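Q: One structure coming up, written as structure tokens, with questions to follow.
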Amino acid sequence: MDFNKRILLENQAWASRKVEEDPGFFERLAIKQVPYALWIGCADSRVPAELLCNADPGELFIFRNVANIVSLDQPGCASAIEYAVHALGIKHIVVCGHHLCGGVKAAMEEEKTNLFHVDNHLVEIKETRDKNKKELEELPDDNSRVNRLVELNVISQIEKLSGFEAIKQAATGTERGIRLHGMVYALEEGLLREIAAYDVGPDRWVTPD
Ligand SMILES: [Zn+2]
């Protein structure tokens with residue numbers, strides 16, 4: 001089946017199934033969105049945020065890029081976060097890395113990928129790698145090193161978010177503040193795990209749920 005046939009037919013099949021299950025589904029969504037979380041994840045096709053959270057359209061506000069990097073100096077990323085916490089009133093932000101992430105794997109290597117933008121994008125993961133050189137070297141194999149760097153990268157993104165002015169402002173005056181959730185998805189099992197959590201407002205690390 002060619003590309004257009006496939007994508008349009010799959011869409012029609014999905015839309016009719018939704019209407020069959022719930023006739024008012026699309027009409028309600030057209031009125032407004034009330035997502036319960038902002039999801040910042042990797043662009044990897046094996047980590048589809050809605051599917052693995054069993055979520056419908058309207059439930060997650062999503063920003064994805066290679067290796068789930070929060071680039072606050074880039075308008076695309078900063079504006080998505082600002083919109084999520086100010087306009088949509090979202091109180092939970094997830095940064096989700098995943099096992100065997102290709103971006104993190106590439107950052108583990110000394111050599112460049114020879115893809116200009118990818119190499120630029122991965123610079124900060126290389127810095128995280130260098131800062132944690134000793135711990136990573138002590139791990140038994142390459143996959144464990146990549147998976148540990150995935151965790152360290154997630155924590156580093158949470159640290160960045162915790163100091164982001166737009167989030168701090170949105171958390172001011174709210175009862176529980178805004179919670180940042182650092183998660184890792186084990187794609188070989190289909191399971192998510194929370195590895196770190198931080199409350200902006202009270203400004204403290206908390207034990208993950
Ligand atoms: Zn990835």
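A note on labels: chains of the structure tokens are A, B, ... as shown, every chain counts residues from 1, and ligands are counted from 1 in their shown order.
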Could you pull out the residues sitting within 9 Å of ligand 1, using only C-alpha atoms and all ligand atoms, and write them as a list of chain:residue names?
A: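 Counting only what the definition allows, namely only C-alpha atoms and all ligand atoms, the set is A:Gly41, A:Cys42, A:Ala43, A:Asp44, A:Ser45, A:Arg46, A:Val47, A:Asn65, A:Val66, A:Ala67, A:Asn68, A:Gly97, A:His98, A:His99, A:Leu100, A:Cys101, A:Gly102, A:Gly103, A:Val104, A:Lys105, A:Val150.
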Q: Let's see if you can do this: from backbone DSSP, list all strand (DSSP E) residues in region 12-150 of chain A, as a compact mmCIF listing (two decimals) with all heavy atoms, in the first residue's frame.
A:
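Generated output (selection36.txt):
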# COMPACT_ATOMS: atom_id res chain seq x y z
N ALA A 37 -1.02 16.49 31.63
CA ALA A 37 0.44 16.56 31.76
C ALA A 37 1.07 17.08 30.48
O ALA A 37 0.51 16.95 29.39
CB ALA A 37 1.00 15.18 32.07
N LEU A 38 2.24 17.70 30.66
CA LEU A 38 3.12 18.01 29.53
C LEU A 38 4.13 16.88 29.46
O LEU A 38 4.78 16.55 30.46
CB LEU A 38 3.85 19.35 29.76
CG LEU A 38 5.08 19.62 28.89
CD1 LEU A 38 4.74 19.70 27.41
CD2 LEU A 38 5.77 20.93 29.33
N TRP A 39 4.26 16.29 28.30
CA TRP A 39 5.19 15.18 28.09
C TRP A 39 6.34 15.67 27.21
O TRP A 39 6.12 16.12 26.10
CB TRP A 39 4.46 14.03 27.39
CG TRP A 39 5.31 12.88 26.96
CD1 TRP A 39 6.12 12.81 25.86
CD2 TRP A 39 5.43 11.61 27.62
NE1 TRP A 39 6.73 11.57 25.80
CE2 TRP A 39 6.33 10.83 26.86
CE3 TRP A 39 4.86 11.06 28.78
CZ2 TRP A 39 6.67 9.53 27.23
CZ3 TRP A 39 5.20 9.77 29.14
CH2 TRP A 39 6.10 9.01 28.36
N ILE A 40 7.55 15.61 27.74
CA ILE A 40 8.73 15.94 26.93
C ILE A 40 9.48 14.63 26.72
O ILE A 40 10.01 14.04 27.67
CB ILE A 40 9.62 16.99 27.64
CG1 ILE A 40 8.81 18.27 27.87
CG2 ILE A 40 10.87 17.27 26.81
CD1 ILE A 40 9.52 19.32 28.73
N GLY A 41 9.45 14.13 25.49
CA GLY A 41 10.02 12.80 25.27
C GLY A 41 10.89 12.75 24.04
O GLY A 41 11.06 13.73 23.31
N CYS A 42 11.45 11.58 23.81
CA CYS A 42 12.29 11.36 22.63
C CYS A 42 11.41 11.17 21.40
O CYS A 42 10.29 10.66 21.50
CB CYS A 42 13.18 10.13 22.85
SG CYS A 42 14.30 9.83 21.46
N LEU A 60 -2.67 14.54 26.81
CA LEU A 60 -1.25 14.87 27.00
C LEU A 60 -0.86 15.98 26.03
O LEU A 60 -1.21 15.93 24.85
CB LEU A 60 -0.36 13.65 26.71
CG LEU A 60 -0.46 12.45 27.66
CD1 LEU A 60 0.37 11.29 27.11
CD2 LEU A 60 0.01 12.83 29.06
N PHE A 61 -0.14 16.97 26.53
CA PHE A 61 0.43 18.03 25.69
C PHE A 61 1.87 17.59 25.44
O PHE A 61 2.62 17.35 26.40
CB PHE A 61 0.36 19.37 26.44
CG PHE A 61 0.63 20.55 25.57
CD1 PHE A 61 -0.28 20.95 24.61
CD2 PHE A 61 1.79 21.30 25.74
CE1 PHE A 61 -0.04 22.06 23.82
CE2 PHE A 61 2.03 22.43 24.95
CZ PHE A 61 1.11 22.80 23.99
N ILE A 62 2.26 17.48 24.16
CA ILE A 62 3.50 16.75 23.88
C ILE A 62 4.55 17.56 23.13
O ILE A 62 4.24 18.30 22.19
CB ILE A 62 3.15 15.48 23.07
CG1 ILE A 62 2.34 14.54 23.97
CG2 ILE A 62 4.41 14.77 22.56
CD1 ILE A 62 1.83 13.31 23.29
N PHE A 63 5.80 17.44 23.60
CA PHE A 63 6.94 18.02 22.90
C PHE A 63 7.99 16.92 22.80
O PHE A 63 8.41 16.39 23.82
CB PHE A 63 7.49 19.23 23.65
CG PHE A 63 8.61 19.92 22.92
CD1 PHE A 63 8.33 20.85 21.94
CD2 PHE A 63 9.93 19.61 23.20
CE1 PHE A 63 9.35 21.48 21.24
CE2 PHE A 63 10.96 20.24 22.50
CZ PHE A 63 10.67 21.18 21.52
N ARG A 64 8.39 16.58 21.58
CA ARG A 64 9.38 15.51 21.43
C ARG A 64 10.54 15.96 20.56
O ARG A 64 10.36 16.72 19.61
CB ARG A 64 8.71 14.27 20.80
CG ARG A 64 7.74 13.57 21.73
CD ARG A 64 6.90 12.51 21.03
NE ARG A 64 7.67 11.33 20.62
CZ ARG A 64 7.13 10.29 19.99
NH1 ARG A 64 5.85 10.27 19.69
NH2 ARG A 64 7.88 9.26 19.66
N ASN A 65 11.73 15.51 20.90
CA ASN A 65 12.88 15.70 20.03
C ASN A 65 13.86 14.56 20.28
O ASN A 65 13.61 13.70 21.14
CB ASN A 65 13.52 17.08 20.26
CG ASN A 65 14.07 17.27 21.66
OD1 ASN A 65 14.47 16.31 22.33
ND2 ASN A 65 14.10 18.50 22.12
N HIS A 92 1.73 18.99 35.94
CA HIS A 92 2.68 17.87 35.92
C HIS A 92 3.45 17.87 34.60
O HIS A 92 2.84 17.88 33.53
CB HIS A 92 1.94 16.53 36.08
CG HIS A 92 1.33 16.37 37.44
ND1 HIS A 92 2.02 15.83 38.50
CD2 HIS A 92 0.12 16.76 37.91
CE1 HIS A 92 1.23 15.85 39.58
NE2 HIS A 92 0.08 16.41 39.25
N ILE A 93 4.78 17.87 34.72
CA ILE A 93 5.61 17.83 33.52
C ILE A 93 6.47 16.57 33.59
O ILE A 93 7.18 16.34 34.57
CB ILE A 93 6.53 19.07 33.43
CG1 ILE A 93 5.69 20.35 33.43
CG2 ILE A 93 7.43 18.98 32.19
CD1 ILE A 93 6.50 21.64 33.40
N VAL A 94 6.39 15.76 32.54
CA VAL A 94 7.17 14.53 32.48
C VAL A 94 8.32 14.73 31.50
O VAL A 94 8.10 15.22 30.39
CB VAL A 94 6.30 13.36 31.96
CG1 VAL A 94 7.14 12.10 31.75
CG2 VAL A 94 5.14 13.09 32.91
N VAL A 95 9.54 14.39 31.92
CA VAL A 95 10.63 14.25 30.95
C VAL A 95 10.90 12.76 30.88
O VAL A 95 11.22 12.13 31.88
CB VAL A 95 11.91 14.99 31.39
CG1 VAL A 95 13.04 14.71 30.38
CG2 VAL A 95 11.67 16.48 31.49
N CYS A 96 10.70 12.19 29.71
CA CYS A 96 10.83 10.73 29.59
C CYS A 96 11.95 10.34 28.63
O CYS A 96 11.90 10.64 27.44
CB CYS A 96 9.51 10.13 29.12
SG CYS A 96 9.57 8.33 29.08
N GLY A 97 12.96 9.67 29.17
CA GLY A 97 14.00 9.05 28.34
C GLY A 97 13.62 7.59 28.14
O GLY A 97 12.63 7.12 28.68
N HIS A 98 14.41 6.89 27.36
CA HIS A 98 14.09 5.47 27.17
C HIS A 98 15.35 4.65 26.97
O HIS A 98 16.37 5.16 26.49
CB HIS A 98 13.14 5.29 25.98
CG HIS A 98 13.76 5.65 24.66
ND1 HIS A 98 14.33 4.73 23.82
CD2 HIS A 98 13.92 6.85 24.06
CE1 HIS A 98 14.81 5.35 22.75
NE2 HIS A 98 14.57 6.63 22.87
Q: Excluding same-chain residues fewer than 6 positions from Arg28 (chain A), what lies within 12 Å of it counting only C-alpha atoms, as a ChimeraX atom specification?
A: /A:19,22,34,57-58
Q: Return as number ranges by chain the full set of residues in region 43-173 of chain A whose backbone-based DSSP assignment is alpha helix (DSSP H).
A: A: 49-52, 75-82, 102-108, 116-131, 133-137, 142-162, 165-171
Q: For the residues in that selection, give me C-alpha atoms as a PDB file, in the first residue's frame.
A:
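Result went into result_21.pdb, see below:
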ATOM      1  CA  ALA A  49       3.600   8.956  24.418  1.00  0.00           C
ATOM      2  CA  GLU A  50      -0.179   8.587  24.102  1.00  0.00           C
ATOM      3  CA  LEU A  51      -0.085   4.879  23.327  1.00  0.00           C
ATOM      4  CA  LEU A  52       2.161   3.882  26.198  1.00  0.00           C
ATOM      5  CA  PRO A  75      11.622  29.229  21.077  1.00  0.00           C
ATOM      6  CA  GLY A  76       9.922  25.997  19.978  1.00  0.00           C
ATOM      7  CA  CYS A  77      10.763  24.272  23.232  1.00  0.00           C
ATOM      8  CA  ALA A  78      10.449  27.228  25.629  1.00  0.00           C
ATOM      9  CA  SER A  79       7.102  28.309  24.169  1.00  0.00           C
ATOM     10  CA  ALA A  80       5.614  24.804  24.433  1.00  0.00           C
ATOM     11  CA  ILE A  81       6.484  24.704  28.125  1.00  0.00           C
ATOM     12  CA  GLU A  82       5.292  28.265  28.757  1.00  0.00           C
ATOM     13  CA  GLY A 102      19.855   6.195  19.699  1.00  0.00           C
ATOM     14  CA  GLY A 103      20.643   9.831  20.548  1.00  0.00           C
ATOM     15  CA  VAL A 104      22.167   8.912  23.891  1.00  0.00           C
ATOM     16  CA  LYS A 105      24.040   6.013  22.272  1.00  0.00           C
ATOM     17  CA  ALA A 106      25.535   8.429  19.753  1.00  0.00           C
ATOM     18  CA  ALA A 107      26.515  10.791  22.583  1.00  0.00           C
ATOM     19  CA  MET A 108      28.319   7.911  24.338  1.00  0.00           C
ATOM     20  CA  PHE A 116      25.615  18.615  11.718  1.00  0.00           C
ATOM     21  CA  HIS A 117      22.422  19.362  13.637  1.00  0.00           C
ATOM     22  CA  VAL A 118      22.390  16.049  15.471  1.00  0.00           C
ATOM     23  CA  ASP A 119      25.966  16.557  16.692  1.00  0.00           C
ATOM     24  CA  ASN A 120      25.150  20.082  17.899  1.00  0.00           C
ATOM     25  CA  HIS A 121      22.027  18.857  19.631  1.00  0.00           C
ATOM     26  CA  LEU A 122      23.878  16.076  21.461  1.00  0.00           C
ATOM     27  CA  VAL A 123      26.698  18.243  22.863  1.00  0.00           C
ATOM     28  CA  GLU A 124      25.117  18.579  26.286  1.00  0.00           C
ATOM     29  CA  ILE A 125      24.624  14.809  26.667  1.00  0.00           C
ATOM     30  CA  LYS A 126      28.341  14.424  25.929  1.00  0.00           C
ATOM     31  CA  GLU A 127      29.005  16.887  28.756  1.00  0.00           C
ATOM     32  CA  THR A 128      26.817  14.818  31.098  1.00  0.00           C
ATOM     33  CA  ARG A 129      28.745  11.727  29.944  1.00  0.00           C
ATOM     34  CA  ASP A 130      32.088  13.397  30.738  1.00  0.00           C
ATOM     35  CA  LYS A 131      30.911  14.622  34.161  1.00  0.00           C
ATOM     36  CA  LYS A 133      32.824   9.295  33.306  1.00  0.00           C
ATOM     37  CA  LYS A 134      33.956   7.251  36.290  1.00  0.00           C
ATOM     38  CA  GLU A 135      30.511   5.880  37.170  1.00  0.00           C
ATOM     39  CA  LEU A 136      29.777   5.003  33.548  1.00  0.00           C
ATOM     40  CA  GLU A 137      33.105   3.271  33.010  1.00  0.00           C
ATOM     41  CA  ASP A 142      27.676  -0.773  26.667  1.00  0.00           C
ATOM     42  CA  ASN A 143      23.912  -1.180  27.100  1.00  0.00           C
ATOM     43  CA  SER A 144      24.103  -0.512  30.859  1.00  0.00           C
ATOM     44  CA  ARG A 145      26.244   2.566  30.153  1.00  0.00           C
ATOM     45  CA  VAL A 146      23.707   3.901  27.620  1.00  0.00           C
ATOM     46  CA  ASN A 147      20.782   3.206  29.963  1.00  0.00           C
ATOM     47  CA  ARG A 148      22.523   4.932  32.881  1.00  0.00           C
ATOM     48  CA  LEU A 149      23.343   7.940  30.687  1.00  0.00           C
ATOM     49  CA  VAL A 150      19.652   8.007  29.688  1.00  0.00           C
ATOM     50  CA  GLU A 151      18.812   8.417  33.407  1.00  0.00           C
ATOM     51  CA  LEU A 152      21.491  11.049  33.990  1.00  0.00           C
ATOM     52  CA  ASN A 153      20.249  12.977  30.956  1.00  0.00           C
ATOM     53  CA  VAL A 154      16.654  12.911  32.259  1.00  0.00           C
ATOM     54  CA  ILE A 155      17.795  14.237  35.654  1.00  0.00           C
ATOM     55  CA  SER A 156      19.805  16.973  33.972  1.00  0.00           C
ATOM     56  CA  GLN A 157      16.688  18.082  32.017  1.00  0.00           C
ATOM     57  CA  ILE A 158      14.630  18.122  35.230  1.00  0.00           C
ATOM     58  CA  GLU A 159      17.292  20.338  36.850  1.00  0.00           C
ATOM     59  CA  LYS A 160      17.039  22.745  33.916  1.00  0.00           C
ATOM     60  CA  LEU A 161      13.233  22.859  34.115  1.00  0.00           C
ATOM     61  CA  SER A 162      13.346  23.473  37.875  1.00  0.00           C
ATOM     62  CA  GLU A 165      11.306  31.242  35.074  1.00  0.00           C
ATOM     63  CA  ALA A 166       8.039  30.479  33.244  1.00  0.00           C
ATOM     64  CA  ILE A 167       7.511  27.366  35.382  1.00  0.00           C
ATOM     65  CA  LYS A 168       8.523  29.127  38.604  1.00  0.00           C
ATOM     66  CA  GLN A 169       6.010  31.914  37.900  1.00  0.00           C
ATOM     67  CA  ALA A 170       3.226  29.465  37.097  1.00  0.00           C
ATOM     68  CA  ALA A 171       3.960  27.535  40.296  1.00  0.00           C
TER      69      ALA A 171
END
Q: Identify which of the residues A:Ile7, A:Pro48, A:Pro208, A:Leu115 lies closest to Leu187 (chain A), counting only C-alpha atoms when measuring atom-to-atom distances.
A: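 Between A:Ile7, A:Pro48, A:Pro208, A:Leu115, the residue approaching Leu187 (chain A) most closely is A:Pro48.
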Q: For Ala55 (chain A), which residue out of A:Glu194, A:Tyr36, A:Ala87, A:Ile31 is the nearest one, using only C-alpha atoms?
A: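 Of A:Glu194, A:Tyr36, A:Ala87, A:Ile31, the one nearest Ala55 (chain A), counting only C-alpha atoms, is A:Tyr36.
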Q: Select, from A:Pro35, A:Leu191, A:His181, A:Asp199, the residue with the minimum atom-to-atom distance to Asp56 (chain A), counting only C-alpha atoms.
A: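 Under the stated criterion, the closest residue is A:Pro35.
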Q: Can you work out which one of A:Lys91, A:Gly163, A:Glu138, A:Gly190 has the shortest atom-to-atom distance to Gly177 (chain A), counting only C-alpha atoms?
A: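 Looking only at the distances to Gly177 (chain A), the closest residue turns out to be A:Lys91.
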